[in-house]
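Chemist: Sending over target10.cif (mmCIF, C-alpha atoms).
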```cif
data_model
#
loop_
_atom_site.label_atom_id
_atom_site.label_comp_id
_atom_site.auth_asym_id
_atom_site.auth_seq_id
_atom_site.Cartn_x
_atom_site.Cartn_y
_atom_site.Cartn_z
CA MET A 26 -85.92 -27.39 107.92
CA GLN A 27 -88.58 -26.60 105.34
CA GLU A 28 -86.04 -24.55 103.43
CA ILE A 29 -83.46 -27.37 103.56
CA MET A 30 -86.10 -29.79 102.30
CA ASN A 31 -87.01 -27.57 99.36
CA ARG A 32 -83.39 -27.13 98.33
CA MET A 33 -82.84 -30.86 98.69
CA LYS A 34 -85.86 -31.71 96.59
CA ALA A 35 -84.85 -29.30 93.82
CA ARG A 36 -81.32 -30.65 93.79
CA ALA A 37 -82.50 -34.26 93.70
CA ILE A 38 -84.84 -33.55 90.79
CA ALA A 39 -82.00 -31.80 88.94
CA LEU A 40 -79.66 -34.74 89.48
CA LEU A 41 -82.34 -37.18 88.32
CA ALA A 42 -82.95 -35.04 85.23
CA ASP A 43 -79.31 -34.82 84.14
CA GLY A 44 -78.85 -38.54 84.67
CA THR A 45 -76.21 -38.33 87.42
CA VAL A 46 -78.36 -40.55 89.60
CA SER A 47 -81.00 -43.13 88.73
CA ARG A 48 -82.92 -43.05 91.99
CA VAL A 49 -83.23 -41.17 95.24
CA MET A 50 -83.35 -42.70 98.68
CA GLY A 51 -85.23 -40.44 101.07
CA TRP A 52 -88.33 -40.31 103.21
CA GLU A 53 -92.04 -40.03 102.60
CA LYS A 54 -94.97 -39.45 104.93
CA GLY A 55 -96.33 -42.64 106.40
CA GLU A 56 -99.66 -43.40 107.99
CA GLY A 57 -99.24 -41.36 111.14
CA GLU A 58 -98.20 -37.79 111.63
CA TYR A 59 -94.91 -38.85 113.22
CA ASP A 60 -94.33 -41.79 110.95
CA TRP A 61 -91.99 -40.85 108.14
CA SER A 62 -90.78 -43.91 106.30
CA PRO A 63 -87.73 -44.45 104.14
CA ALA A 64 -88.77 -44.44 100.49
CA LEU A 65 -87.27 -44.74 97.05
CA PHE A 66 -88.06 -42.22 94.30
CA GLU A 67 -87.24 -42.82 90.66
CA ASN A 68 -88.50 -39.71 88.84
CA ALA A 69 -89.61 -36.11 89.36
CA GLU A 70 -93.30 -37.03 89.75
CA GLU A 71 -92.53 -39.46 92.54
CA MET A 72 -90.34 -36.83 94.18
CA GLU A 73 -93.52 -34.87 94.99
CA ALA A 74 -93.96 -37.18 97.99
CA PHE A 75 -90.42 -36.57 99.23
CA VAL A 76 -90.11 -35.10 102.72
CA TYR A 77 -87.27 -34.12 105.00
CA GLY A 78 -87.62 -32.62 108.44
CA ASP A 79 -88.01 -33.30 112.11
CA TYR A 80 -89.34 -36.84 111.76
CA ALA A 81 -86.81 -38.15 109.25
CA GLY A 82 -85.06 -40.09 112.00
CA ALA A 83 -84.39 -43.29 110.07
CA ASN A 84 -80.80 -44.03 109.12
CA LEU A 85 -80.78 -44.80 105.39
CA SER A 86 -77.34 -46.42 105.33
CA LYS A 87 -78.65 -49.94 105.65
CA TYR A 88 -80.91 -49.53 102.61
CA CYS A 89 -77.81 -48.76 100.57
CA LEU A 90 -76.70 -52.39 100.79
CA LYS A 91 -79.35 -53.43 98.29
CA LEU A 92 -79.36 -50.17 96.33
CA GLY A 93 -75.63 -50.53 95.71
CA LYS A 94 -76.27 -53.66 93.68
CA LEU A 95 -78.58 -51.89 91.24
CA GLU A 96 -77.62 -50.39 87.92
CA GLY A 97 -76.56 -46.74 88.08
CA LYS A 98 -75.94 -44.36 90.92
CA THR A 99 -78.21 -43.83 93.89
CA LEU A 100 -78.65 -40.51 95.59
CA VAL A 101 -78.82 -41.05 99.30
CA ILE A 102 -79.55 -38.44 101.92
CA LEU A 103 -77.56 -38.84 105.09
CA LYS A 104 -77.63 -36.90 108.31
CA PRO A 105 -74.29 -36.35 110.07
CA CYS A 106 -74.60 -39.45 112.29
CA ASP A 107 -75.78 -41.55 109.33
CA THR A 108 -72.62 -40.72 107.40
CA LEU A 109 -70.64 -42.60 110.08
CA SER A 110 -72.64 -45.77 109.45
CA PHE A 111 -72.23 -45.32 105.71
CA LYS A 112 -68.49 -44.84 105.94
CA GLN A 113 -68.17 -47.85 108.23
CA LEU A 114 -69.91 -49.95 105.58
CA ILE A 115 -67.40 -48.70 103.01
CA HIS A 116 -64.55 -49.68 105.37
CA GLU A 117 -66.06 -53.14 105.53
CA HIS A 118 -66.30 -53.32 101.74
CA ARG A 119 -70.04 -53.69 101.90
CA LEU A 120 -70.62 -50.60 99.78
CA GLU A 121 -68.87 -49.10 96.80
CA ARG A 122 -68.35 -45.37 97.05
CA GLU A 123 -68.83 -44.82 93.29
CA LYS A 124 -72.35 -46.21 93.38
CA PHE A 125 -73.65 -43.40 95.57
CA TYR A 126 -74.13 -39.68 95.43
CA ILE A 127 -74.37 -38.49 99.02
CA ILE A 128 -76.19 -35.36 100.06
CA GLY A 129 -75.25 -34.44 103.61
CA ALA A 130 -78.42 -33.20 105.24
CA GLY A 131 -78.29 -30.54 107.91
CA CYS A 132 -80.00 -31.80 111.04
CA THR A 133 -81.41 -29.92 114.00
CA GLY A 134 -82.25 -33.05 115.95
CA MET A 135 -84.92 -35.58 115.03
CA LYS A 136 -88.13 -36.29 116.89
CA ASP A 137 -90.85 -38.86 117.23
CA GLU A 138 -94.19 -38.75 119.01
CA LYS A 139 -92.42 -38.83 122.37
CA GLY A 140 -90.11 -35.89 121.64
CA ALA A 141 -86.44 -35.74 120.68
CA LEU A 142 -84.91 -39.05 119.66
CA LEU A 143 -82.58 -40.71 122.09
CA LYS A 144 -79.67 -40.53 119.69
CA CYS A 145 -80.28 -36.80 119.23
CA ASN A 146 -80.32 -36.11 122.97
CA ALA A 147 -76.72 -37.22 123.01
CA CYS A 148 -75.72 -35.99 119.55
CA LYS A 149 -72.15 -36.95 118.74
CA SER A 150 -71.28 -34.42 116.07
CA LYS A 151 -72.58 -32.26 113.26
CA GLU A 152 -69.63 -33.15 111.04
CA PHE A 153 -70.18 -35.18 107.91
CA ALA A 154 -67.79 -38.12 107.64
CA ILE A 155 -68.49 -38.59 103.95
CA TYR A 156 -70.48 -36.58 101.38
CA ASP A 157 -70.60 -35.20 97.85
CA GLU A 158 -72.40 -32.05 98.79
CA ILE A 159 -73.95 -30.61 101.91
CA ILE A 160 -77.31 -28.94 102.17
CA ASP A 161 -77.64 -27.34 105.58
CA SER A 162 -78.34 -24.08 107.31
CA GLU A 163 -76.78 -21.91 109.96
CA GLU A 164 -79.06 -23.43 112.57
CA SER A 165 -78.30 -27.03 111.68
CA ARG A 166 -74.58 -26.56 112.36
CA LYS A 167 -75.18 -25.82 116.04
CA PRO A 168 -74.68 -28.75 118.41
CA THR A 169 -77.91 -30.22 119.81
CA GLY A 170 -76.80 -32.91 122.23
CA VAL A 171 -77.68 -32.09 125.81
CA MET A 172 -77.03 -35.38 127.60
CA ASP A 173 -73.93 -37.32 128.52
CA ARG A 174 -73.89 -40.28 126.14
CA MET A 175 -72.55 -42.72 128.73
CA ALA A 176 -74.68 -41.59 131.68
CA GLY A 177 -77.07 -44.55 131.44
CA VAL A 178 -74.21 -47.01 131.26
CA ALA A 179 -72.44 -45.46 134.23
CA ASP A 180 -75.63 -45.71 136.31
CA LEU A 181 -75.90 -49.42 135.58
CA GLU A 182 -72.24 -50.00 136.36
CA GLN A 183 -72.83 -48.61 139.83
CA MET A 184 -75.39 -51.30 140.61
CA THR A 185 -74.62 -54.71 142.08
CA ALA A 186 -74.55 -57.72 139.75
CA GLN A 187 -77.93 -58.91 141.00
CA GLU A 188 -79.51 -55.50 140.44
CA ARG A 189 -78.11 -55.39 136.94
CA TYR A 190 -79.40 -58.90 136.27
CA ASP A 191 -82.86 -57.94 137.50
CA PHE A 192 -82.79 -54.78 135.40
CA TRP A 193 -81.89 -56.63 132.21
CA GLN A 194 -84.27 -59.45 132.96
CA GLY A 195 -87.03 -56.90 133.28
CA GLU A 196 -86.06 -55.23 130.02
CA LEU A 197 -85.18 -58.23 127.88
CA SER A 198 -88.11 -60.35 129.02
CA ARG A 199 -90.33 -57.99 127.03
CA CYS A 200 -88.51 -58.95 123.84
CA ILE A 201 -90.81 -60.53 121.28
CA ARG A 202 -87.95 -61.48 118.96
CA CYS A 203 -89.36 -59.46 116.09
CA ASN A 204 -85.74 -58.98 114.95
CA ALA A 205 -86.36 -55.31 114.16
CA CYS A 206 -83.16 -54.30 115.95
CA ARG A 207 -81.18 -56.73 113.84
CA ASN A 208 -82.83 -55.78 110.58
CA VAL A 209 -82.43 -52.05 111.05
CA CYS A 210 -78.85 -52.09 112.30
CA PRO A 211 -76.46 -50.71 109.68
CA ALA A 212 -73.63 -52.76 111.18
CA CYS A 213 -75.59 -56.06 111.06
CA THR A 214 -74.86 -57.00 107.48
CA CYS A 215 -74.32 -60.76 107.51
CA ILE A 216 -76.11 -62.32 104.57
CA LYS A 217 -76.93 -65.35 106.66
CA CYS A 218 -77.54 -64.57 110.30
CA VAL A 219 -76.43 -66.95 113.02
CA PHE A 220 -79.90 -66.66 114.54
CA ASP A 221 -81.59 -68.05 111.45
CA ASN A 222 -80.09 -71.40 112.28
CA PRO A 223 -82.57 -74.29 112.36
CA ALA A 224 -80.06 -76.42 114.28
CA SER A 225 -79.75 -73.98 117.18
CA GLY A 226 -81.88 -76.21 119.37
CA VAL A 227 -84.26 -73.41 120.30
CA GLN A 228 -85.95 -72.57 117.01
CA SER A 229 -89.68 -73.12 117.03
CA LYS A 230 -89.61 -74.00 120.69
CA ALA A 231 -91.56 -71.73 122.97
CA PRO A 232 -89.48 -70.16 125.71
CA VAL A 233 -89.96 -71.61 129.17
CA THR A 234 -88.84 -68.55 131.05
CA SER A 235 -89.19 -64.99 129.93
CA PHE A 236 -85.46 -64.41 129.79
CA GLU A 237 -84.42 -66.91 127.20
CA GLU A 238 -83.97 -64.35 124.49
CA ASN A 239 -80.94 -63.02 126.36
CA MET A 240 -78.58 -64.93 124.10
CA PHE A 241 -79.87 -63.05 121.11
CA HIS A 242 -79.21 -59.69 122.68
CA ILE A 243 -75.75 -60.56 123.94
CA ILE A 244 -74.69 -61.76 120.51
CA ARG A 245 -76.41 -58.92 118.71
CA ALA A 246 -74.56 -56.34 120.76
CA TYR A 247 -71.29 -58.20 120.72
CA HIS A 248 -71.33 -58.88 117.00
CA VAL A 249 -71.30 -55.17 116.21
CA ALA A 250 -68.69 -54.34 118.88
CA GLY A 251 -66.10 -52.01 117.42
CA ARG A 252 -68.23 -51.44 114.34
CA CYS A 253 -71.26 -49.91 116.02
CA THR A 254 -71.36 -46.18 115.36
CA ASP A 255 -73.94 -45.71 118.13
CA CYS A 256 -76.57 -44.51 115.68
CA GLY A 257 -79.27 -45.61 118.12
CA GLU A 258 -81.50 -47.21 115.52
CA CYS A 259 -81.89 -50.42 117.55
CA SER A 260 -83.57 -48.60 120.42
CA ARG A 261 -85.57 -46.38 118.10
CA VAL A 262 -87.25 -49.25 116.27
CA CYS A 263 -87.82 -51.52 119.26
CA PRO A 264 -91.60 -51.94 119.58
CA GLN A 265 -91.13 -52.91 123.22
CA ASN A 266 -88.93 -49.92 124.06
CA ILE A 267 -86.02 -52.02 125.28
CA PRO A 268 -82.99 -49.74 125.81
CA LEU A 269 -80.74 -51.76 123.51
CA HIS A 270 -78.34 -48.86 123.02
CA LEU A 271 -77.20 -49.39 126.60
CA LEU A 272 -75.59 -52.66 125.55
CA ASN A 273 -73.82 -51.10 122.58
CA ARG A 274 -72.71 -48.09 124.55
CA LYS A 275 -71.26 -50.28 127.28
CA LEU A 276 -69.02 -51.95 124.70
CA ILE A 277 -68.05 -48.57 123.24
CA LYS A 278 -67.31 -47.22 126.70
CA ASP A 279 -65.12 -50.20 127.57
CA MET A 280 -63.24 -50.04 124.31
CA ASN A 281 -62.64 -46.33 124.72
CA GLU A 282 -61.36 -46.85 128.23
CA LEU A 283 -59.19 -49.87 127.56
CA TYR A 284 -58.00 -49.41 123.98
CA GLY A 285 -58.20 -45.66 123.39
CA GLU A 286 -60.92 -43.39 122.05
CA TYR A 287 -62.47 -44.74 118.90
CA GLN A 288 -65.51 -43.76 116.86
CA ALA A 289 -66.49 -46.30 114.23
CA GLY A 290 -66.75 -44.81 110.75
CA GLU A 291 -65.02 -41.59 111.64
CA GLY A 292 -61.41 -41.93 110.52
CA ASP A 293 -59.85 -43.57 107.51
CA GLU A 294 -58.46 -46.41 109.56
CA GLU A 295 -60.12 -49.70 108.68
CA ARG A 296 -58.98 -51.53 111.80
CA THR A 297 -61.38 -51.51 114.71
CA PRO A 298 -60.39 -52.05 118.36
CA LEU A 299 -61.30 -55.73 118.11
CA THR A 300 -59.33 -56.33 114.92
CA SER A 301 -56.12 -54.87 116.30
CA TYR A 302 -54.06 -55.28 119.44
CA THR A 303 -51.12 -54.00 121.37
CA LYS A 304 -48.75 -56.10 123.42
CA GLU A 305 -49.59 -54.11 126.54
CA ASP A 306 -53.37 -54.71 126.48
CA ALA A 307 -55.13 -55.39 129.75
CA GLU A 308 -55.68 -59.03 130.71
CA PRO A 309 -59.29 -60.30 130.73
CA GLY A 310 -58.90 -60.57 134.50
CA ILE A 311 -59.41 -56.81 134.67
CA VAL A 312 -63.14 -57.48 134.45
CA HIS A 313 -62.97 -59.81 137.42
CA GLU A 314 -60.93 -57.37 139.45
CA ARG A 315 -63.30 -54.50 138.74
CA GLY A 316 -65.44 -53.53 141.68
CA ARG A 317 -63.68 -56.02 143.90
CA ALA A 318 -61.28 -53.51 145.39
CA MET B 3 -78.53 -74.24 143.20
CA SER B 4 -76.36 -76.97 144.55
CA VAL B 5 -78.34 -76.70 147.77
CA ASN B 6 -81.47 -77.88 145.97
CA ASN B 7 -79.81 -80.75 144.26
CA PRO B 8 -77.31 -82.66 146.40
CA ASN B 9 -76.18 -84.70 143.41
CA TRP B 10 -75.26 -81.64 141.37
CA LYS B 11 -71.82 -81.73 139.81
CA PRO B 12 -70.57 -78.76 137.84
CA LYS B 13 -69.96 -79.02 134.13
CA ILE B 14 -66.94 -77.07 133.09
CA VAL B 15 -65.80 -76.49 129.55
CA ALA B 16 -62.13 -75.75 129.01
CA PHE B 17 -61.05 -74.51 125.60
CA CYS B 18 -57.37 -75.34 125.29
CA CYS B 19 -55.12 -74.25 122.49
CA ASN B 20 -53.44 -77.11 120.69
CA TRP B 21 -49.90 -75.80 121.01
CA CYS B 22 -49.56 -74.79 124.65
CA SER B 23 -52.42 -75.49 126.99
CA TYR B 24 -53.50 -78.81 125.53
CA ALA B 25 -49.92 -79.99 125.84
CA GLY B 26 -49.91 -78.52 129.35
CA ALA B 27 -52.98 -80.59 130.17
CA ASP B 28 -51.22 -83.61 128.74
CA LEU B 29 -48.25 -82.94 130.96
CA ALA B 30 -50.52 -82.64 133.98
CA GLY B 31 -51.90 -86.05 133.08
CA SER B 32 -48.58 -87.78 132.48
CA GLY B 33 -47.23 -86.17 135.64
CA ARG B 34 -50.20 -87.71 137.51
CA MET B 35 -51.35 -84.41 138.89
CA ASN B 36 -54.94 -84.42 140.04
CA TYR B 37 -57.57 -82.18 138.62
CA PRO B 38 -61.34 -82.69 138.73
CA ALA B 39 -63.07 -84.79 136.09
CA ASP B 40 -65.76 -82.09 135.83
CA VAL B 41 -63.49 -80.30 133.40
CA LYS B 42 -64.19 -81.22 129.79
CA ILE B 43 -61.43 -80.13 127.48
CA ILE B 44 -62.12 -78.98 123.94
CA ARG B 45 -59.04 -78.70 121.80
CA VAL B 46 -58.88 -75.65 119.54
CA PRO B 47 -56.07 -74.63 117.20
CA CYS B 48 -55.57 -71.32 118.98
CA SER B 49 -57.26 -69.39 121.76
CA CYS B 50 -58.49 -66.93 119.13
CA ARG B 51 -60.40 -69.79 117.49
CA VAL B 52 -62.81 -69.49 120.40
CA ASN B 53 -65.68 -67.57 118.95
CA PRO B 54 -67.49 -65.77 121.80
CA LEU B 55 -70.55 -67.62 120.59
CA PHE B 56 -68.91 -70.90 121.63
CA ILE B 57 -68.77 -69.65 125.19
CA LEU B 58 -72.38 -68.53 125.20
CA ARG B 59 -73.46 -71.77 123.56
CA ALA B 60 -71.68 -73.74 126.23
CA PHE B 61 -73.56 -71.80 128.91
CA GLU B 62 -76.80 -72.09 127.00
CA ARG B 63 -76.47 -75.86 126.85
CA GLY B 64 -75.80 -76.23 130.54
CA ALA B 65 -72.14 -75.51 131.26
CA ASP B 66 -71.58 -73.96 134.67
CA GLY B 67 -68.20 -72.45 133.91
CA VAL B 68 -66.08 -71.82 130.86
CA ILE B 69 -62.33 -71.38 130.94
CA ILE B 70 -60.16 -70.50 127.97
CA CYS B 71 -56.50 -71.49 128.04
CA GLY B 72 -53.93 -70.37 125.51
CA CYS B 73 -50.26 -69.69 125.03
CA HIS B 74 -48.76 -66.85 127.02
CA PRO B 75 -49.03 -63.53 125.18
CA GLY B 76 -46.02 -63.31 122.90
CA ASP B 77 -45.71 -67.09 122.58
CA CYS B 78 -48.61 -67.74 120.21
CA HIS B 79 -47.89 -70.39 117.60
CA TYR B 80 -49.57 -68.10 115.07
CA THR B 81 -47.73 -65.03 116.39
CA SER B 82 -50.69 -62.89 117.39
CA GLY B 83 -53.78 -65.05 117.90
CA ASN B 84 -53.87 -64.76 121.64
CA TYR B 85 -53.53 -60.97 121.48
CA TYR B 86 -56.77 -60.82 119.52
CA ALA B 87 -58.38 -63.35 121.84
CA ARG B 88 -57.36 -61.25 124.82
CA ARG B 89 -59.25 -58.18 123.59
CA ARG B 90 -62.25 -60.15 122.43
CA LEU B 91 -62.67 -62.07 125.65
CA THR B 92 -62.15 -59.01 127.82
CA MET B 93 -65.02 -57.34 125.98
CA LEU B 94 -67.25 -60.40 126.23
CA PHE B 95 -66.61 -60.90 129.94
CA SER B 96 -67.27 -57.25 130.56
CA LEU B 97 -70.56 -57.43 128.70
CA LEU B 98 -71.62 -60.54 130.64
CA ASP B 99 -70.75 -58.81 133.89
CA TYR B 100 -72.80 -55.81 132.75
CA LEU B 101 -75.78 -58.10 132.24
CA GLY B 102 -75.42 -59.32 135.79
CA ILE B 103 -74.00 -62.76 135.02
CA GLU B 104 -71.54 -63.88 137.73
CA ARG B 105 -68.17 -62.81 136.39
CA ASP B 106 -66.37 -65.73 138.03
CA ARG B 107 -68.01 -68.24 135.71
CA THR B 108 -65.64 -67.17 132.97
CA ARG B 109 -61.89 -67.10 133.08
CA VAL B 110 -58.86 -66.87 130.84
CA GLU B 111 -55.56 -68.42 131.84
CA TRP B 112 -52.34 -68.58 129.86
CA VAL B 113 -50.79 -72.03 130.28
CA SER B 114 -47.66 -73.08 128.43
CA ALA B 115 -46.78 -76.63 127.39
CA ALA B 116 -44.35 -76.84 130.29
CA GLU B 117 -46.86 -75.77 132.92
CA GLY B 118 -48.64 -78.99 133.79
CA ALA B 119 -48.68 -78.02 137.46
CA LYS B 120 -50.20 -74.64 136.65
CA PHE B 121 -52.88 -76.33 134.57
CA ALA B 122 -53.86 -78.68 137.39
CA LYS B 123 -53.80 -75.85 139.94
CA THR B 124 -55.89 -73.55 137.73
CA MET B 125 -58.51 -76.23 137.12
CA ASN B 126 -58.72 -77.10 140.81
CA GLU B 127 -59.23 -73.46 141.67
CA PHE B 128 -61.77 -72.91 138.94
CA VAL B 129 -63.85 -75.94 139.89
CA GLU B 130 -63.77 -74.77 143.49
CA THR B 131 -65.11 -71.37 142.39
CA ILE B 132 -67.89 -72.93 140.34
CA TYR B 133 -68.89 -75.13 143.30
CA SER B 134 -69.27 -72.02 145.40
CA LEU B 135 -71.32 -70.26 142.68
CA GLY B 136 -73.61 -73.23 142.15
CA GLU B 137 -75.59 -74.16 139.10
CA ASN B 138 -75.68 -71.80 136.12
CA ARG B 139 -79.27 -70.68 135.88
CA LYS B 140 -78.91 -67.23 134.39
CA LEU B 141 -77.53 -68.20 131.01
CA SER B 142 -78.74 -71.74 130.53
CA ASP B 143 -81.61 -72.42 128.18
CA ILE B 144 -83.86 -75.25 129.27
CA ARG B 145 -84.93 -75.83 125.67
CA CYS B 146 -81.41 -77.04 124.93
CA LYS B 147 -81.29 -79.52 127.80
CA LYS B 148 -81.33 -83.19 127.03
CA SER B 149 -83.78 -84.97 129.31
#
```
Just give me the structure as structure tokens.

Modeler:
Amino acid sequence: MQEIMNRMKARAIALLADGTVSRVMGWEKGEGEYDWSPALFENAEEMEAFVYGDYAGANLSKYCLKLGKLEGKTLVILKPCDTLSFKQLIHEHRLEREKFYIIGAGCTGMKDEKGALLKCNACKSKEFAIYDEIIDSEESRKPTGVMDRMAGVADLEQMTAQERYDFWQGELSRCIRCNACRNVCPACTCIKCVFDNPASGVQSKAPVTSFEENMFHIIRAYHVAGRCTDCGECSRVCPQNIPLHLLNRKLIKDMNELYGEYQAGEGDEERTPLTSYTKEDAEPGIVHERGRA
Amino acid sequence: MSVNNPNWKPKIVAFCCNWCSYAGADLAGSGRMNYPADVKIIRVPCSCRVNPLFILRAFERGADGVIICGCHPGDCHYTSGNYYARRRLTMLFSLLDYLGIERDRTRVEWVSAAEGAKFAKTMNEFVETIYSLGENRKLSDIRCKKS
């Protein structure tokens, strides 16, 4: 990884020098050993602080929304799974391809203080969906995922409704509504969020029970249905360790089962499962029938 | 639960599409077919006008059941609206079920303008189901309740 980082740094400095790009979006060391934060570099001196390696878990696609509005090109470093989020944003016309120079970064699985990241345990692919050039190594092309991506969802599906309710109540009642999951999500790109609504009837009112933030999580998961690339950022940033990816993965699993395999951001097709249909689709009653047999 | 409060009556929100189901409800009325007054109809231009947020908002503000009625697939006034609605609502219901919310509180029924009897029958059945499920506690938000 050190070697990849050095090549990447040299390349970025060269591109800054010849004027191809005006800035570089990457990572720098934060306060803690495991805390590598997304950072913007504008010249070779600033690039000294640039790092890439095992703790560069953050998906930089979301930062591109604002960078795309600036003058000149931005160099952005994307890992294979991040390229899916980036390409999905291009499909949604949130980003302009010409405004970015993408370096595909070889990835051997990212870590944090607790070990391998959740998204890396169930790595989807080492293919880059979109890039200008790739900087990787022999090692970084090997698959790293060891877990079945849908295992957690399948376990929950086996439970009774009351058990599931208790499970989610336990998880979601820890939510402090810091909105980190919303702010980090590369699919959550509404300029005005429905939850910043002063007329919602619940703003600035303290919750009576611990489960009243459920609405937020249902909508958050549902709003990105069909567009979620399962990058796992929501669970990674949650300060309360709520397994939010289980909600997104449930929707992905259902869509794959009912409407055919689909990976957001992968193909060139702009239509997602929820913006298309076939005449033979299952009726909503299928949900009610499930588990009743 | 209804056991705790003997005066409890369910509140049921029915989203009916303007072109088929609302006319079906009208036909049920003019045909003098009985269906419970607990059903409050909201007229929408098409079943795909029903943003999933509407359904959750209804529950949040104290509805005990939400039913969405639209034209039969293939008969949509706007050609394809109900096909989109069908996928969307399937996904939403599945997610609610996954969160442990009683799946019978939500329902989709296709009711044409000629099916007044079906409308009345569906509503009677649905109200019956909601009575057996009792009050919606899991999704309601007490902060939204009017005292």

Chemist: I'd like the interatomic distance between CA of Glu71 in chain A and CA of Asn31 in chain A, to a tenth of an Å.

Modeler: 14.8 Å

Chemist: Could you pull the residues within 10 Å of Glu111 in chain B, counting only C-alpha atoms, minus those fewer than 4 positions along the same chain, as a list in words?

Modeler: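 Once the adjacent positions are removed, what remains is Glu308, Pro309 and Gly310 of chain A; Cys18, Ser23, Ile69, Ile70, Cys71, Gly72, Cys73, His74, Lys120, Phe121, Thr124 and Met125 of chain B.
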
Chemist: A:Gly257, A:Pro264, A:Gly195, A:Gly97: which is nearest chain B, counting only C-alpha atoms?

Modeler: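 The closest residue to chain B is A:Gly195.
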
Chemist: Any idea what's packed within 12 Å of Lys87 in chain A, counting all atoms listed in the file, ignoring anything in its chain fewer than 2 positions away? Could you give it as an NGL selection string?

Modeler: :A and (50 or 63 or 83-85 or 89-93 or 101 or 103 or 107-115 or 119-120 or 207-215 or 256 or 258)

Chemist: Would you save the residues from that selection as a JSON list (two decimals), in the coordinates of the input, using C-alpha atoms?

Modeler:
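In the end it all went to again.json:
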```
[["chain", "number", "residue", "atom", "x", "y", "z"],
["A", 50, "MET", "CA", -83.35, -42.70, 98.68],
["A", 63, "PRO", "CA", -87.73, -44.45, 104.14],
["A", 83, "ALA", "CA", -84.39, -43.29, 110.07],
["A", 84, "ASN", "CA", -80.80, -44.03, 109.12],
["A", 85, "LEU", "CA", -80.78, -44.80, 105.39],
["A", 89, "CYS", "CA", -77.81, -48.76, 100.57],
["A", 90, "LEU", "CA", -76.70, -52.39, 100.79],
["A", 91, "LYS", "CA", -79.35, -53.43, 98.29],
["A", 92, "LEU", "CA", -79.36, -50.17, 96.33],
["A", 93, "GLY", "CA", -75.63, -50.53, 95.71],
["A", 101, "VAL", "CA", -78.82, -41.05, 99.30],
["A", 103, "LEU", "CA", -77.56, -38.84, 105.09],
["A", 107, "ASP", "CA", -75.78, -41.55, 109.33],
["A", 108, "THR", "CA", -72.62, -40.72, 107.40],
["A", 109, "LEU", "CA", -70.64, -42.60, 110.08],
["A", 110, "SER", "CA", -72.64, -45.77, 109.45],
["A", 111, "PHE", "CA", -72.23, -45.32, 105.71],
["A", 112, "LYS", "CA", -68.49, -44.84, 105.94],
["A", 113, "GLN", "CA", -68.17, -47.85, 108.23],
["A", 114, "LEU", "CA", -69.91, -49.95, 105.58],
["A", 115, "ILE", "CA", -67.40, -48.70, 103.01],
["A", 119, "ARG", "CA", -70.04, -53.69, 101.90],
["A", 120, "LEU", "CA", -70.62, -50.60, 99.78],
["A", 207, "ARG", "CA", -81.18, -56.73, 113.84],
["A", 208, "ASN", "CA", -82.83, -55.78, 110.58],
["A", 209, "VAL", "CA", -82.43, -52.05, 111.05],
["A", 210, "CYS", "CA", -78.85, -52.09, 112.30],
["A", 211, "PRO", "CA", -76.46, -50.71, 109.68],
["A", 212, "ALA", "CA", -73.63, -52.76, 111.18],
["A", 213, "CYS", "CA", -75.59, -56.06, 111.06],
["A", 214, "THR", "CA", -74.86, -57.00, 107.48],
["A", 215, "CYS", "CA", -74.32, -60.76, 107.51],
["A", 256, "CYS", "CA", -76.57, -44.51, 115.68],
["A", 258, "GLU", "CA", -81.50, -47.21, 115.52]]
```

Chemist: Could you list the residues chosen by the PyMOL selection byres ((chain A and resi 270) around 8) in this structure as an MDAnalysis selection string?

Modeler: chainID A and resid 255 257 259:260 268:269 271:274

Chemist: Write out as a tab-separated table a residue-level contact list of chain B versus chain A with cut-off 8 Å: for each qualifying residue the closest pair of atoms and the distance in Å to one decimal, counting all atoms listed in the file, rows sorted by chain and residue number upward.

Modeler:
```
residue	atom	partner	partner_atom	distance
B:Leu55	CA	A:Ile244	CA	7.2
B:Leu58	CA	A:Met240	CA	7.3
B:Glu62	CA	A:Met240	CA	7.9
B:Pro75	CA	A:Lys304	CA	7.6
B:Gly76	CA	A:Lys304	CA	7.7
B:Tyr85	CA	A:Tyr302	CA	6.1
B:Tyr86	CA	A:Tyr302	CA	6.2
B:Arg88	CA	A:Pro309	CA	6.3
B:Arg89	CA	A:Leu299	CA	6.3
B:Arg90	CA	A:Leu299	CA	6.3
B:Leu91	CA	A:Pro309	CA	6.4
B:Thr92	CA	A:Pro309	CA	4.3
B:Met93	CA	A:Leu276	CA	6.8
B:Leu94	CA	A:Tyr247	CA	7.2
B:Phe95	CA	A:Val312	CA	6.6
B:Ser96	CA	A:Val312	CA	5.7
B:Leu97	CA	A:Leu276	CA	7.0
B:Leu98	CA	A:Ile243	CA	7.9
B:Asp99	CA	A:Ala186	CA	7.1
B:Tyr100	CA	A:Arg189	CA	6.8
B:Leu101	CA	A:Tyr190	CA	5.5
B:Gly102	CA	A:Tyr190	CA	4.0
B:Ile103	CA	A:Tyr190	CA	6.8
B:Glu104	CA	A:Ala186	CA	7.1
B:Arg105	CA	A:His313	CA	6.1
B:Asp106	CA	A:His313	CA	6.9
B:Arg109	CA	A:Gly310	CA	7.3
B:Val110	CA	A:Pro309	CA	6.6
B:Leu141	CA	A:Met240	CA	7.7
B:Asp143	CA	A:Glu237	CA	6.3
B:Ile144	CA	A:Val233	CA	7.1
B:Arg145	CA	A:Val227	CA	5.9
B:Cys146	CA	A:Gly226	CA	5.6
```

Chemist: For range 201-220 of chain A, what centre and edge lengths in Å (one decimal) does the axis-aligned box get once 4 Å is added on each side of all its listed atoms, as AutoDock Vina command-line options?

Modeler:
```
--center_x -82.2 --center_y -58.8 --center_z 112.9 --size_x 25.2 --size_y 24.2 --size_z 24.7
```
